[in-house]
Amino acid sequence: MNIPQWIEGLANGTEAVGPIPGPILLAVVKVLLLVLPILILVPGLIWWERRLLSWMQDRIGPNRTGTITIPDKAPFLRGKKIRFFGLLQPIADGVKLFLKEDITPADIDRKIYFIAPAIALFPAFAIGGTLPWGAIRAPFEQGVSGLYRFLTPVANVDIGILYVLAISSLGVYGVVLAGYSSNNKYSLMGGLRSSAQLISYELAMGAALASIVLATGSMRMTDMALEQEKPLWGFIPAVQNWFILTPFGLLSALIFLICMVAETNRAPFDLPEAENELIAGYHTEYSSMKFAVFFMGEYAAMFLFSGIFAAVFLGGSSLLPVNWEHLAASVPSASGFFRGMAWFNYWAGPLVFLGKCAGGITFFIWLRATLPRLRYDQLMNLGWRSMLPLGLSNLIVVGFWVVATKLWGIGGGWATWGLVMSILVVFYLNILAGTRKEALSFGGRKVAMKDPAPRRAVTLVDPNKP
Amino acid sequence: MTGNQLAFLVLAAIGCLSALGVVVFGQNAVRSALFLVLNFFVLGFVYFALGAQLLGITQIMVYAGAIMVLFLFVIMMLQLRQDSSAKEPTDFKRPFAWLFGAALALSVMNYVVMPLSMTAESPVGDEFGRPQAIGNVLFSLYSWPFEVTSVLLLIGIVGSILLAKRRI
């Protein structure tokens, strides 16, 4: 039986498996193909985080769990060790988390306390609902074609990227409710910090993604993937137009990257769980499996946000930003090789996409090993005074670029882009020069914009002495 | 019963129960706010079931994701616990409230629900509720209200800053 044709029949409703109609079966398969790899890979990610972090910190890390030593009495391989590089460590962690004592603190809001981990886990997985992990178009075809279009994304809706923003904005509930219901001041403060942080960084993230939506002309994530297969900057046909290679896309990508770290509550934006101030923040009172569920949600969110970054900025499931089809058509002598590469690029797409997700997670871990945690005011300053103005000005510039490209062609578009961007940069530098001055005048009142003097210890005054 | 009707019935039941939860079942303010979140969330799915994807996702993003987070934020800051929720004294207005509420429910039933229950499927086309269609209408026919709304929001922001900050 021809499997692609059978899957097509399932999608069209002409085939069925027993009593289950094809479309329903296919929907279940789509969801499983998204969720199962995450569930399987999360333990591996935890191992990878612990090992990579140890290497970066000049430690060894968990490297010996699961080492099997052959006993001396064995007929062969006496005293040999079979090593798994500590890959079984996550399983040991999982067993430990299962068997730990499950402590429920007194005087909590019980229903909310127990439902909060589930609420935290739901958006972390649901965020991938519109994420395409394979090429939606087979090589040498026009329009949507090929096998992967039946398997990915779970829902190819018109509002793809808006769905991602909406679901990620729901992620705050798990954290806030956990903090509220634990009957612990540290937890509550962690939850409140988290909600403030998420609200602040959502705006910049929305602005960064909106500029890509403008450039694509569609909110579908599959359309964004198709747009990135076009010639680079509109006039280099051999290279694909990955958004990270375009000037406005690079800026958007940087903003999205920073906001993505803030949205997943990872270092250096892990203020909600800052251990030196808040013990463990919102999950202070959660032990055993309930804590593991929060942990799992965090890793799933990291994984899927990396996937969204890969799909929107890094060309989706394409291995290299090279337009193999164009090369196959324009270089006849090596046409067979380029055709082969195009098909390889198509079929290896999901693996490449997984590799890009792994790269994103490595970036998360690298950040955690490199940067110290931000102070709360630094976090707010970065979000509101740097990310949001940058994102919004990028949005304005992309708007100009789109209109100018339609009016005057590709060259006119880029000329307009340079002009508007330089005007905005000069404008921003001007504002910056103004605020950096020693004093700002607010209605005659002079305000120093320097860092305040270091606090001194309180001098004790004896009230009995006059 | 078609799949659409089944989906609507389930969503509507959850929506009505959560709406009741806001005012009837809620023991404290946080629970009420959470029921309201659930209500907004389910309402978004009702819009999805009607084919209005953009409206549904805007409902979830703006109401469930942004506004209710701020509500919850404020409620938690106020530290309202079970015992401090408002207890209304019974008075003579209560029976009248029930009466008028029932009358309102009946008239809604008569003029909205009864005619709608006759229609099996939503009569709108595929283009209904698409981002492109809404964008075209919003920026051509309704561009003036759209722009005025943005000015209104700006006034709201400026006004709240003016109220919150003593010295500007």
# chains A, B, ... in the order shown; residues from 1 in each chain; ligands from 1

$ interface_residues --of "chain A" --to "chain B" --cutoff "8 Å" --atoms "only C-alpha atoms" --output "MDAnalysis selection string"
chainID A and resid 158:159 162:163 165:167 169:170 172:173 180 192 195 199 442

$ residues_around --residues "Val31 (chain A)" --least-positions-apart "5" --cutoff "12 Å" --atoms "only C-alpha atoms" --output "PyMOL selection string"
chain A and resi 24-26+36-38+125-132+150-155

$ select_by_dssp --residues "region 109-346 of chain A" --states "alpha helix (DSSP H)" --output "PyMOL selection string"
chain A and resi 110-126+148-151+160-181+185-216+221-227+247-263+275-278+288-312+324-330+335-346

$ select_by_dssp --residues "region 35-279 of chain A" --states "strand (DSSP E or B)" --output "number ranges by chain"
A: 68-69, 81-82, 231-232, 236-240

$ closest_residue --among "B:Ser32, B:Gln5, B:Ile67, B:Pro95" --to "Leu17 (chain B)" --atoms "only C-alpha atoms"
B:Ser32

$ residues_around --residues "Leu319 (chain A)" --least-positions-apart "5" --cutoff "9 Å" --atoms "only C-alpha atoms" --output "PyMOL selection string"
chain A and resi 345-346+348-349+352-353

$ residues_around --residues "region 73-90 of chain A" --least-positions-apart "3" --cutoff "12 Å" --atoms "only C-alpha atoms" --output "PyMOL selection string"
chain A and resi 40-51+60-70+93-97+292+296

$ atom_distance --atom1 "CA of Trp133 (chain A)" --atom2 "CA of Ser317 (chain A)"
6.2 Å

$ closest_residue --among "A:Val176, A:Val239, A:Val331, A:Met289" --to "Leu99 (chain A)" --atoms "only C-alpha atoms"
A:Met289

$ closest_residue --among "A:Tyr113, A:Ser386, A:Pro247, A:Ala204" --to "Trp401 (chain A)" --atoms "only C-alpha atoms"
A:Pro247

$ residues_around --residues "region 215-218 of chain A" --least-positions-apart "2" --cutoff "7 Å" --atoms "only C-alpha atoms" --output "ChimeraX atom specification"
/A:211-213,220,223-224,227,398,402

$ atom_distance --atom1 "CA of Leu188 (chain A)" --atom2 "CA of Val164 (chain A)"
26.7 Å

$ closest_residue --among "A:Thr14, A:Ser393, A:Ser306, A:Thr405" --to "Phe363 (chain A)" --atoms "only C-alpha atoms"
A:Ser306

$ closest_residue --among "A:Met205, A:Met219, A:Ala238, A:Leu177" --to "Ser330 (chain A)" --atoms "only C-alpha atoms"
A:Ala238

$ closest_residue --among "B:Ser160, B:Ala52, B:Leu106, B:Ile155" --to "Ala133 (chain B)" --atoms "only C-alpha atoms"
B:Ala52
